[in-house]
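Student: So I've got this file, run-v4.cif, and it contains mmCIF, C-alpha atoms:
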data_input
loop_
_atom_site.label_atom_id
_atom_site.label_comp_id
_atom_site.auth_asym_id
_atom_site.auth_seq_id
_atom_site.Cartn_x
_atom_site.Cartn_y
_atom_site.Cartn_z
CA MET A 1 -142.43 -46.24 194.88
CA LEU A 2 -139.25 -46.45 196.91
CA PHE A 3 -139.37 -42.82 197.98
CA SER A 4 -142.96 -43.18 199.23
CA LEU A 5 -141.55 -45.40 201.98
CA PHE A 6 -139.92 -42.30 203.45
CA PRO A 7 -142.64 -39.62 203.67
CA CYS A 8 -141.43 -36.03 203.78
CA GLN A 9 -142.26 -33.89 206.78
CA ALA A 10 -144.63 -31.47 205.02
CA LYS A 11 -145.60 -29.55 208.17
CA ALA A 12 -142.00 -28.58 208.95
CA VAL A 13 -141.87 -25.99 206.16
CA GLY A 14 -144.31 -24.28 203.81
CA THR A 15 -144.37 -22.09 200.71
CA SER A 16 -146.64 -19.58 199.00
CA ALA A 17 -146.58 -21.68 195.83
CA ALA A 18 -149.53 -23.41 194.22
CA SER A 19 -147.18 -26.36 193.66
CA ALA A 20 -143.74 -27.11 195.06
CA ILE A 21 -141.19 -29.84 195.69
CA LEU A 22 -137.72 -30.25 197.23
CA VAL A 23 -135.59 -33.21 196.13
CA ASP A 24 -132.14 -34.53 196.98
CA VAL A 25 -130.33 -34.66 193.63
CA ASP A 26 -128.18 -37.77 193.99
CA SER A 27 -130.67 -40.05 195.73
CA GLY A 28 -133.90 -38.67 194.30
CA ARG A 29 -135.47 -38.67 197.75
CA VAL A 30 -138.34 -36.19 198.07
CA LEU A 31 -137.79 -34.05 201.16
CA TYR A 32 -140.86 -31.83 200.81
CA GLU A 33 -143.80 -31.69 198.44
CA GLN A 34 -146.93 -29.62 198.07
CA ASN A 35 -149.43 -30.41 195.31
CA ALA A 36 -146.42 -31.64 193.32
CA ASP A 37 -148.37 -33.61 190.71
CA ALA A 38 -150.72 -30.81 189.64
CA ARG A 39 -150.54 -29.95 185.94
CA MET A 40 -149.17 -26.40 185.78
CA LEU A 41 -147.94 -23.79 183.32
CA ILE A 42 -144.18 -23.50 183.71
CA ALA A 43 -143.23 -20.39 181.68
CA SER A 44 -139.50 -19.94 181.02
CA THR A 45 -138.36 -22.78 183.26
CA THR A 46 -139.05 -24.63 179.99
CA LYS A 47 -135.68 -23.33 178.85
CA ILE A 48 -133.85 -25.81 181.08
CA LEU A 49 -135.06 -28.54 178.71
CA THR A 50 -134.34 -26.36 175.66
CA ALA A 51 -130.75 -25.92 176.84
CA LEU A 52 -130.33 -29.60 177.69
CA VAL A 53 -131.48 -30.74 174.24
CA ALA A 54 -129.36 -28.10 172.47
CA ILE A 55 -126.22 -29.05 174.40
CA ARG A 56 -126.77 -32.76 173.80
CA GLU A 57 -127.62 -32.46 170.12
CA GLY A 58 -125.74 -29.35 168.99
CA ASP A 59 -122.18 -28.04 168.86
CA LEU A 60 -121.40 -24.99 170.99
CA SER A 61 -119.11 -23.60 168.31
CA ASP A 62 -121.76 -23.75 165.57
CA VAL A 63 -122.48 -20.37 163.99
CA VAL A 64 -126.21 -19.66 163.88
CA THR A 65 -127.78 -17.14 161.52
CA VAL A 66 -130.78 -15.47 163.16
CA LYS A 67 -133.99 -15.75 161.17
CA ARG A 68 -136.73 -13.13 161.05
CA GLU A 69 -139.13 -15.26 163.11
CA ALA A 70 -136.63 -15.51 165.95
CA ALA A 71 -135.86 -11.78 165.94
CA LEU A 72 -139.57 -10.94 166.18
CA THR A 73 -140.40 -13.35 169.02
CA GLU A 74 -142.49 -11.73 171.77
CA GLY A 75 -141.60 -11.51 175.45
CA SER A 76 -138.23 -11.53 177.22
CA SER A 77 -135.37 -11.11 174.81
CA MET A 78 -131.64 -10.98 174.23
CA TYR A 79 -132.48 -8.58 171.37
CA LEU A 80 -131.43 -10.60 168.36
CA LYS A 81 -131.47 -9.03 164.92
CA GLU A 82 -132.42 -10.73 161.67
CA GLY A 83 -129.34 -11.96 159.83
CA GLU A 84 -127.09 -11.64 162.89
CA GLN A 85 -124.62 -14.49 163.35
CA LEU A 86 -123.77 -15.87 166.79
CA THR A 87 -122.42 -19.12 168.15
CA LEU A 88 -124.76 -21.62 169.72
CA GLU A 89 -122.92 -21.04 173.01
CA THR A 90 -123.73 -17.31 172.90
CA LEU A 91 -127.38 -18.11 172.27
CA LEU A 92 -127.39 -20.47 175.26
CA TYR A 93 -126.13 -17.66 177.48
CA GLY A 94 -128.91 -15.47 176.11
CA LEU A 95 -131.39 -18.28 176.75
CA LEU A 96 -130.43 -18.99 180.36
CA LEU A 97 -129.26 -15.58 181.59
CA CYS A 98 -131.56 -13.17 179.73
CA SER A 99 -134.36 -15.72 179.35
CA GLY A 100 -134.41 -14.83 175.67
CA ASN A 101 -137.48 -16.15 173.89
CA ASP A 102 -135.77 -15.06 170.68
CA ALA A 103 -132.72 -17.15 171.61
CA ALA A 104 -134.97 -20.17 172.19
CA VAL A 105 -136.45 -19.91 168.70
CA ALA A 106 -133.03 -19.42 167.07
CA ILE A 107 -131.67 -22.45 168.94
CA ALA A 108 -134.69 -24.56 168.00
CA ASP A 109 -134.44 -23.67 164.31
CA HIS A 110 -130.74 -24.51 164.23
CA VAL A 111 -130.63 -27.69 166.31
CA GLY A 112 -134.01 -29.14 165.33
CA GLY A 113 -134.21 -27.88 161.74
CA SER A 114 -137.46 -26.18 162.72
CA GLN A 115 -139.35 -25.34 165.88
CA ALA A 116 -141.60 -28.37 165.33
CA GLY A 117 -138.60 -30.64 164.91
CA PHE A 118 -136.99 -29.29 168.05
CA VAL A 119 -140.20 -29.58 170.09
CA LYS A 120 -140.35 -33.26 169.15
CA MET A 121 -136.79 -33.62 170.45
CA MET A 122 -137.85 -31.89 173.67
CA ASN A 123 -140.77 -34.25 174.21
CA ASP A 124 -138.64 -37.29 173.37
CA THR A 125 -136.02 -36.18 175.88
CA ALA A 126 -138.68 -35.51 178.51
CA ARG A 127 -139.95 -39.08 178.16
CA GLU A 128 -136.41 -40.45 178.20
CA ILE A 129 -135.57 -38.83 181.55
CA GLY A 130 -138.85 -39.78 183.22
CA MET A 131 -141.05 -36.70 182.83
CA GLU A 132 -144.26 -38.69 182.52
CA HIS A 133 -146.77 -35.88 183.04
CA SER A 134 -145.37 -33.12 180.85
CA SER A 135 -145.98 -31.81 177.35
CA PHE A 136 -144.00 -29.20 175.45
CA ALA A 137 -145.35 -27.12 172.56
CA ASN A 138 -142.55 -24.57 172.14
CA PRO A 139 -138.91 -24.00 173.18
CA ASN A 140 -139.50 -20.86 175.27
CA GLY A 141 -142.42 -21.52 177.61
CA LEU A 142 -145.00 -19.11 176.15
CA ASP A 143 -148.49 -20.13 177.30
CA ASP A 144 -150.11 -22.93 175.31
CA GLU A 145 -152.75 -25.48 176.32
CA ASN A 146 -150.39 -28.26 175.19
CA HIS A 147 -147.45 -26.87 177.16
CA TYR A 148 -147.39 -27.93 180.81
CA SER A 149 -145.56 -29.90 183.46
CA THR A 150 -145.63 -30.67 187.18
CA ALA A 151 -143.30 -29.71 190.00
CA ARG A 152 -142.26 -33.35 190.30
CA ASP A 153 -141.43 -33.60 186.61
CA MET A 154 -139.53 -30.32 186.69
CA ALA A 155 -137.45 -31.63 189.59
CA CYS A 156 -136.71 -34.70 187.46
CA LEU A 157 -135.54 -32.40 184.66
CA ALA A 158 -133.43 -30.34 187.06
CA ARG A 159 -131.72 -33.45 188.47
CA THR A 160 -130.69 -34.42 184.94
CA ALA A 161 -129.67 -30.87 184.03
CA VAL A 162 -127.35 -30.34 187.00
CA ASP A 163 -125.30 -33.36 185.94
CA ASN A 164 -124.56 -31.62 182.64
CA GLU A 165 -121.39 -29.60 183.23
CA THR A 166 -121.93 -27.26 180.29
CA LEU A 167 -125.46 -26.40 181.31
CA VAL A 168 -124.45 -25.75 184.93
CA ARG A 169 -121.50 -23.61 183.81
CA ILE A 170 -123.81 -21.36 181.82
CA ALA A 171 -126.77 -21.34 184.21
CA SER A 172 -124.56 -20.46 187.20
CA THR A 173 -122.89 -17.50 185.45
CA ARG A 174 -123.94 -14.18 187.01
CA THR A 175 -122.74 -11.96 184.18
CA VAL A 176 -120.83 -12.55 180.97
CA THR A 177 -119.61 -10.65 177.93
CA ILE A 178 -119.72 -12.88 174.86
CA GLY A 179 -120.47 -12.37 171.19
CA GLY A 180 -120.42 -8.59 171.64
CA ARG A 181 -123.11 -8.67 174.35
CA THR A 182 -122.95 -8.29 178.12
CA MET A 183 -125.65 -10.38 179.78
CA THR A 184 -126.74 -10.59 183.41
CA ASN A 185 -128.50 -13.56 184.97
CA HIS A 186 -132.12 -13.01 186.08
CA ASN A 187 -131.70 -15.61 188.84
CA LYS A 188 -131.27 -13.58 192.06
CA LEU A 189 -130.70 -16.76 194.08
CA LEU A 190 -127.15 -16.88 192.72
CA ALA A 191 -126.40 -13.92 194.96
CA MET A 192 -128.92 -14.63 197.73
CA GLU A 193 -128.36 -18.33 198.41
CA GLU A 194 -124.94 -19.70 199.36
CA GLY A 195 -124.05 -22.58 197.07
CA CYS A 196 -126.73 -21.86 194.46
CA ILE A 197 -125.71 -23.23 191.05
CA GLY A 198 -128.69 -22.08 188.92
CA LEU A 199 -131.08 -22.97 187.24
CA LYS A 200 -133.98 -20.92 185.74
CA THR A 201 -136.64 -18.33 186.46
CA GLY A 202 -139.93 -17.89 184.62
CA TYR A 203 -143.00 -15.69 184.42
CA THR A 204 -146.09 -15.18 182.35
CA ARG A 205 -149.34 -13.60 183.50
CA ALA A 206 -151.11 -16.96 183.35
CA ALA A 207 -148.30 -19.04 184.88
CA GLY A 208 -147.30 -16.54 187.54
CA ARG A 209 -143.76 -16.71 188.92
CA THR A 210 -142.02 -20.04 188.38
CA LEU A 211 -138.58 -21.00 189.65
CA VAL A 212 -136.38 -24.07 189.45
CA SER A 213 -133.10 -23.93 191.36
CA CYS A 214 -130.30 -26.07 192.75
CA ALA A 215 -128.04 -25.46 195.74
CA GLU A 216 -125.09 -27.37 197.17
CA ARG A 217 -123.76 -27.52 200.72
CA GLY A 218 -121.08 -29.89 201.93
CA GLY A 219 -121.24 -31.98 198.77
CA GLN A 220 -125.01 -32.50 199.02
CA ARG A 221 -127.16 -31.04 196.25
CA LEU A 222 -130.86 -30.21 196.52
CA VAL A 223 -133.29 -29.10 193.80
CA ALA A 224 -136.27 -26.86 194.59
CA VAL A 225 -139.23 -26.17 192.30
CA THR A 226 -142.01 -23.65 192.96
CA LEU A 227 -144.80 -22.95 190.48
CA GLN A 228 -147.14 -19.96 190.67
CA ASP A 229 -145.33 -18.49 193.67
CA GLY A 230 -145.25 -14.75 194.38
CA ASN A 231 -142.63 -15.23 197.11
CA ASP A 232 -140.32 -17.62 195.30
CA TRP A 233 -136.90 -16.23 196.30
CA ALA A 234 -137.67 -16.47 200.01
CA ASP A 235 -139.45 -19.80 199.62
CA HIS A 236 -136.45 -21.41 197.93
CA GLN A 237 -134.16 -20.16 200.67
CA SER A 238 -136.51 -21.57 203.32
CA LEU A 239 -136.73 -24.89 201.51
CA TYR A 240 -132.94 -25.17 201.35
CA ASP A 241 -132.48 -24.24 205.01
CA TYR A 242 -135.02 -26.90 205.92
CA GLY A 243 -133.72 -29.60 203.58
CA PHE A 244 -130.04 -29.36 204.44
CA ALA A 245 -130.81 -29.23 208.19
CA ALA A 246 -133.50 -31.92 208.33
CA TYR A 247 -132.03 -34.35 205.78
CA PRO A 248 -128.21 -34.28 205.87
CA ALA A 249 -126.70 -36.82 203.50
CA GLN A 250 -124.79 -39.72 205.02
CA ARG A 251 -122.15 -41.27 202.83
CA GLY A 252 -122.34 -45.04 202.68
CA ALA A 253 -119.62 -45.61 200.11
CA VAL A 254 -116.81 -43.62 198.50
CA LEU A 255 -115.49 -44.59 195.06
CA GLY A 256 -112.34 -46.71 195.46
CA GLN A 257 -112.48 -46.88 199.25
CA VAL A 258 -112.87 -50.04 201.37
CA VAL A 259 -116.43 -50.91 202.42
CA ARG A 260 -115.76 -54.25 204.14
CA ARG A 261 -113.32 -57.14 204.19
CA ALA A 262 -114.43 -60.57 202.99
CA ALA A 263 -113.05 -63.99 203.90
CA VAL A 264 -111.01 -65.83 201.25
CA ALA A 265 -110.66 -69.62 201.42
CA GLY A 266 -107.30 -71.20 200.58
CA GLY A 267 -105.45 -67.95 200.17
CA MET A 268 -102.15 -66.62 201.37
CA SER A 269 -104.32 -63.97 203.07
CA ALA A 270 -107.44 -64.95 204.98
CA SER A 271 -109.40 -61.95 203.68
CA VAL A 272 -109.53 -59.33 200.96
CA PRO A 273 -110.66 -55.68 201.10
CA LEU A 274 -113.78 -54.92 199.08
CA VAL A 275 -113.79 -51.45 197.54
CA ALA A 276 -116.73 -49.46 196.18
CA ALA A 277 -117.13 -49.29 192.40
CA GLU A 278 -119.00 -45.99 192.85
CA GLY A 279 -120.06 -43.61 195.59
CA PHE A 280 -123.34 -43.66 197.47
CA ALA A 281 -125.02 -41.27 199.92
CA TRP A 282 -128.52 -41.01 201.31
CA PRO A 283 -130.28 -38.09 203.05
CA LEU A 284 -131.41 -39.12 206.54
CA ALA A 285 -134.12 -37.63 208.72
CA GLN A 286 -133.60 -37.51 212.48
CA GLY A 287 -133.82 -40.99 213.94
CA GLU A 288 -133.03 -42.77 210.66
CA THR A 289 -129.92 -44.91 210.20
CA LEU A 290 -128.22 -46.03 207.01
CA GLU A 291 -127.37 -49.74 207.30
CA THR A 292 -124.97 -51.64 205.03
CA ARG A 293 -124.78 -55.32 204.24
CA VAL A 294 -122.54 -57.15 201.77
CA GLU A 295 -123.94 -59.64 199.26
CA LEU A 296 -121.26 -61.73 197.55
CA ASP A 297 -121.97 -63.43 194.25
CA ALA A 298 -120.32 -66.56 195.68
CA PRO A 299 -117.94 -67.48 198.53
CA LEU A 300 -114.43 -66.26 197.72
CA THR A 301 -111.73 -68.85 197.06
CA ALA A 302 -108.17 -68.02 196.09
CA PRO A 303 -107.07 -66.86 193.66
CA VAL A 304 -109.00 -63.59 193.65
CA LEU A 305 -107.70 -60.84 191.41
CA LEU A 306 -107.42 -57.11 191.99
CA GLY A 307 -110.36 -55.25 190.43
CA THR A 308 -112.64 -58.25 190.05
CA ARG A 309 -116.30 -57.53 190.79
CA VAL A 310 -117.45 -60.01 193.44
CA GLY A 311 -120.71 -58.64 194.83
CA GLU A 312 -122.61 -55.61 196.04
CA ALA A 313 -123.01 -53.42 199.10
CA VAL A 314 -126.72 -53.08 199.86
CA PHE A 315 -127.92 -50.00 201.74
CA THR A 316 -131.13 -49.95 203.76
CA VAL A 317 -133.04 -47.49 205.94
CA GLY A 318 -135.59 -48.94 208.36
CA GLY A 319 -135.32 -52.27 206.57
CA ALA A 320 -136.14 -50.81 203.13
CA GLU A 321 -133.48 -51.01 200.44
CA VAL A 322 -132.42 -47.58 199.16
CA GLY A 323 -129.44 -48.41 196.95
CA ARG A 324 -126.70 -50.78 195.82
CA VAL A 325 -123.06 -50.34 194.89
CA GLY A 326 -120.80 -52.87 193.17
CA LEU A 327 -117.84 -54.23 195.16
CA LEU A 328 -114.41 -54.93 193.68
CA CYS A 329 -111.47 -56.83 195.14
CA GLY A 330 -108.97 -54.32 196.44
CA GLU A 331 -106.04 -56.76 196.30
CA THR A 332 -104.94 -59.93 194.59
CA VAL A 333 -104.93 -62.96 196.89
CA LEU A 334 -102.96 -65.96 195.58
CA PRO A 335 -103.59 -69.51 196.70
CA ALA A 336 -101.38 -70.46 199.61
CA VAL A 337 -99.52 -73.17 197.63
CA GLU A 338 -98.85 -70.89 194.63
CA SER A 339 -97.63 -68.18 196.93
CA ALA A 340 -95.21 -70.55 198.63
CA LEU A 341 -93.91 -71.80 195.27
CA ALA A 342 -93.44 -68.23 194.08
CA VAL A 343 -91.33 -67.45 197.15
CA LEU A 344 -89.27 -70.63 196.62
CA LYS A 345 -88.66 -69.81 192.93
CA GLU A 346 -87.60 -66.30 193.81
CA GLY A 347 -85.15 -67.67 196.36
CA LEU A 348 -83.70 -70.12 193.88
CA SER A 349 -83.28 -67.48 191.17
CA SER A 350 -81.38 -65.20 193.53
#
Go through the file and emit its structure as structure tokens.

Tutor:
Amino acid sequence: MLFSLFPCQAKAVGTSAASAILVDVDSGRVLYEQNADARMLIASTTKILTALVAIREGDLSDVVTVKREAALTEGSSMYLKEGEQLTLETLLYGLLLCSGNDAAVAIADHVGGSQAGFVKMMNDTAREIGMEHSSFANPNGLDDENHYSTARDMACLARTAVDNETLVRIASTRTVTIGGRTMTNHNKLLAMEEGCIGLKTGYTRAAGRTLVSCAERGGQRLVAVTLQDGNDWADHQSLYDYGFAAYPAQRGAVLGQVVRRAAVAGGMSASVPLVAAEGFAWPLAQGETLETRVELDAPLTAPVLLGTRVGEAVFTVGGAEVGRVGLLCGETVLPAVESALAVLKEGLSS
């Protein structure tokens, strides 16, 4: 609801996709959308969720024995053989770089105990992270009437995925030799788009070309999703050029740095610096301004102690609240009388 207060400028950029969206990762602000809530086939972009669940629930060093069903899986492959033993990490490289449907099945069997068990974990995770209009029927994205998502939901998944360091490390790898295999990433954006950090390509005849990607410039990260798009590489580049230019992020708070000073009654010092308990930034369109106000839990009276949480910085754009950050005292301020006594005692002891 919050992000609907800041409509994206849809006419400023376009794509060839049937459905698309561009989102700022840290704020969640939608910068562009096109039919973003349509239920769509998503093909192998499914494997972002497969990888996320496997990394959360599995151990990268686990040794997985490939079953016959996995080795015989149709479609894109890392060419597993029945009885072969590989680590879960190797299978994840095969999943995200080679888009191995066989790797997806092997991972699902190992982590979930069965494909059905793993698919339940996928759907549970999807609900947990806010994918309200998605359903998953398999770990690889092969077409199924009960396997679908939306561009908006896939952007939600991507925002969660890019905060997982292991997943980003693997998805951003261009080529790797591991477990006796050399694998090359199918994601051409890693070479085409400066700052691209993954994530996943996809294709089936029914789904068409699908692509979920993330790029970073100047500390700002954007996620782009295009579904059923025959010109996806160029469209993602255009979306990123538009997003970074039209919505540069303005930093409102930096972890540990002073946001404001607040008055302190009865203290040796008349004020105390208030430092941010976390960082905050918001992407701004031309003409928008990020405003900051401080809300204290109560008026400050000495003593106030270093590190004590005393309120929040509230950030607004055009009068609408867009975020909050906790504020901590950056110094200890003793009462004036106690401070004077401390000085006197120190003088007497010397």

Student: Please provide the set of residues having any atom within 12 Å of Asp26 in chain A, restricted to only C-alpha atoms, with same-chain residues fewer than 6 positions apart removed, written as a VMD selection string.

Tutor: chain A and resid 155 to 156 158 to 160 162 to 163 214 216 219 to 223 249 to 251 279 to 283 322 to 323

Student: I would like the residues chosen by the PyMOL selection byres ((chain A and resi 20-24) around 10) on the shown file; could you give them as JSON, numbers by chain?

Tutor: {"A": [8, 14, 15, 16, 17, 18, 19, 25, 26, 27, 28, 29, 30, 31, 32, 33, 34, 35, 36, 37, 38, 150, 151, 152, 153, 154, 155, 156, 158, 159, 210, 211, 212, 213, 214, 220, 221, 222, 223, 224, 225, 226, 227, 228, 229, 235, 236, 239, 240, 242, 243, 244, 247, 248, 249, 282, 283]}

Student: For the atom pair CA of Thr201 in chain A and CA of Gly83 in chain A, what is the interatomic distance in Å to one decimal place?

Tutor: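 Here the two named atoms are 28.3 Å from each other.
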
Student: Step by step: start from the point (-145.8, -31.5, 174.2) in the file's coordinates, keep every protein, DNA or RNA residue that has an atom no farther than 9 Å from it, count all atoms listed in the file, and write the set as an NGL selection string.

Tutor: :A and (119-120 or 122-123 or 134-138 or 146-148)

Student: Generate a file of the selected residues that holds C-alpha atoms, formatted as a tab-separated table (two decimals), in the frame of the given file.

Tutor:
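What follows is the written file out-v9.tsv:
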chain	number	residue	atom	x	y	z
A	119	VAL	CA	-140.20	-29.58	170.09
A	120	LYS	CA	-140.35	-33.26	169.15
A	122	MET	CA	-137.85	-31.89	173.67
A	123	ASN	CA	-140.77	-34.25	174.21
A	134	SER	CA	-145.37	-33.12	180.85
A	135	SER	CA	-145.98	-31.81	177.35
A	136	PHE	CA	-144.00	-29.20	175.45
A	137	ALA	CA	-145.35	-27.12	172.56
A	138	ASN	CA	-142.55	-24.57	172.14
A	146	ASN	CA	-150.39	-28.26	175.19
A	147	HIS	CA	-147.45	-26.87	177.16
A	148	TYR	CA	-147.39	-27.93	180.81

Student: Please write as a ChimeraX atom specification the full residue list that the PyMOL selection byres ((chain A and resi 59-73) around 7) yields on this file.

Tutor: /A:55,58,74-75,80-89,101-102,105-106,110

Student: Okay, now the selection with C-alpha atoms, as a tab-separated table (two decimals), in the coordinates of the input?

Tutor:
chain	number	residue	atom	x	y	z
A	55	ILE	CA	-126.22	-29.05	174.40
A	58	GLY	CA	-125.74	-29.35	168.99
A	74	GLU	CA	-142.49	-11.73	171.77
A	75	GLY	CA	-141.60	-11.51	175.45
A	80	LEU	CA	-131.43	-10.60	168.36
A	81	LYS	CA	-131.47	-9.03	164.92
A	82	GLU	CA	-132.42	-10.73	161.67
A	83	GLY	CA	-129.34	-11.96	159.83
A	84	GLU	CA	-127.09	-11.64	162.89
A	85	GLN	CA	-124.62	-14.49	163.35
A	86	LEU	CA	-123.77	-15.87	166.79
A	87	THR	CA	-122.42	-19.12	168.15
A	88	LEU	CA	-124.76	-21.62	169.72
A	89	GLU	CA	-122.92	-21.04	173.01
A	101	ASN	CA	-137.48	-16.15	173.89
A	102	ASP	CA	-135.77	-15.06	170.68
A	105	VAL	CA	-136.45	-19.91	168.70
A	106	ALA	CA	-133.03	-19.42	167.07
A	110	HIS	CA	-130.74	-24.51	164.23

Student: Please, which residues are within 12 Å of (-125.5, -20.8, 193.5) by the file's coordinates, counting all atoms listed in the file, and could they come as a ChimeraX atom specification?

Tutor: /A:162,168-174,185,187-200,213-217,221-223,236-237,240

Student: Pick from A:Met268, A:Leu284, A:Val333, A:Ala263: nearest to Ala245 in chain A, with only C-alpha atoms counted?

Tutor: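 The closest residue to Ala245 in chain A is A:Leu284.
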
Student: Take CA of Met183 in chain A and CA of Ala104 in chain A and report the distance between them in Å, one decimal.

Tutor: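 Result for CA of Met183 in chain A versus CA of Ala104 in chain A: 15.5 Å, one decimal.
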
Student: Give me the result of the PyMOL selection byres ((chain A and resi 92-94) around 8) on this file, residue by residue, as a list in words.

Tutor: Ala51, Ser77, Met78, Leu88, Glu89, Thr90, Leu91, Leu95, Leu96, Leu97, Cys98, Ser99, Gly100, Ala103, Ile107, Ile170, Ala171 and Met183 of chain A

Student: From the list A:Glu165, A:Thr177, A:Arg209, A:Gly130, which residue is nearest Ala43 in chain A when using all atoms listed in the file?

Tutor: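 Among the listed residues, the smallest separation from Ala43 in chain A belongs to A:Arg209.
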
Student: Using CA of Val264 in chain A and CA of Gly326 in chain A as the two end points, give the distance in Å to one decimal.

Tutor: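 Result for CA of Val264 in chain A versus CA of Gly326 in chain A: 18.1 Å, one decimal.
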
Student: Tell me, as a PDB file with C-alpha atoms, in the coordinates of the input, which residues lie within 8 Å of Ala161 in chain A, counting all atoms listed in the file; anything in the same chain fewer than 6 positions away does not count.

Tutor:
ATOM      1  CA  ILE A  48    -133.850 -25.810 181.080  1.00  0.00           C
ATOM      2  CA  LEU A  49    -135.060 -28.540 178.710  1.00  0.00           C
ATOM      3  CA  LEU A  52    -130.330 -29.600 177.690  1.00  0.00           C
ATOM      4  CA  LEU A 167    -125.460 -26.400 181.310  1.00  0.00           C
ATOM      5  CA  VAL A 168    -124.450 -25.750 184.930  1.00  0.00           C
TER       6      VAL A 168
END
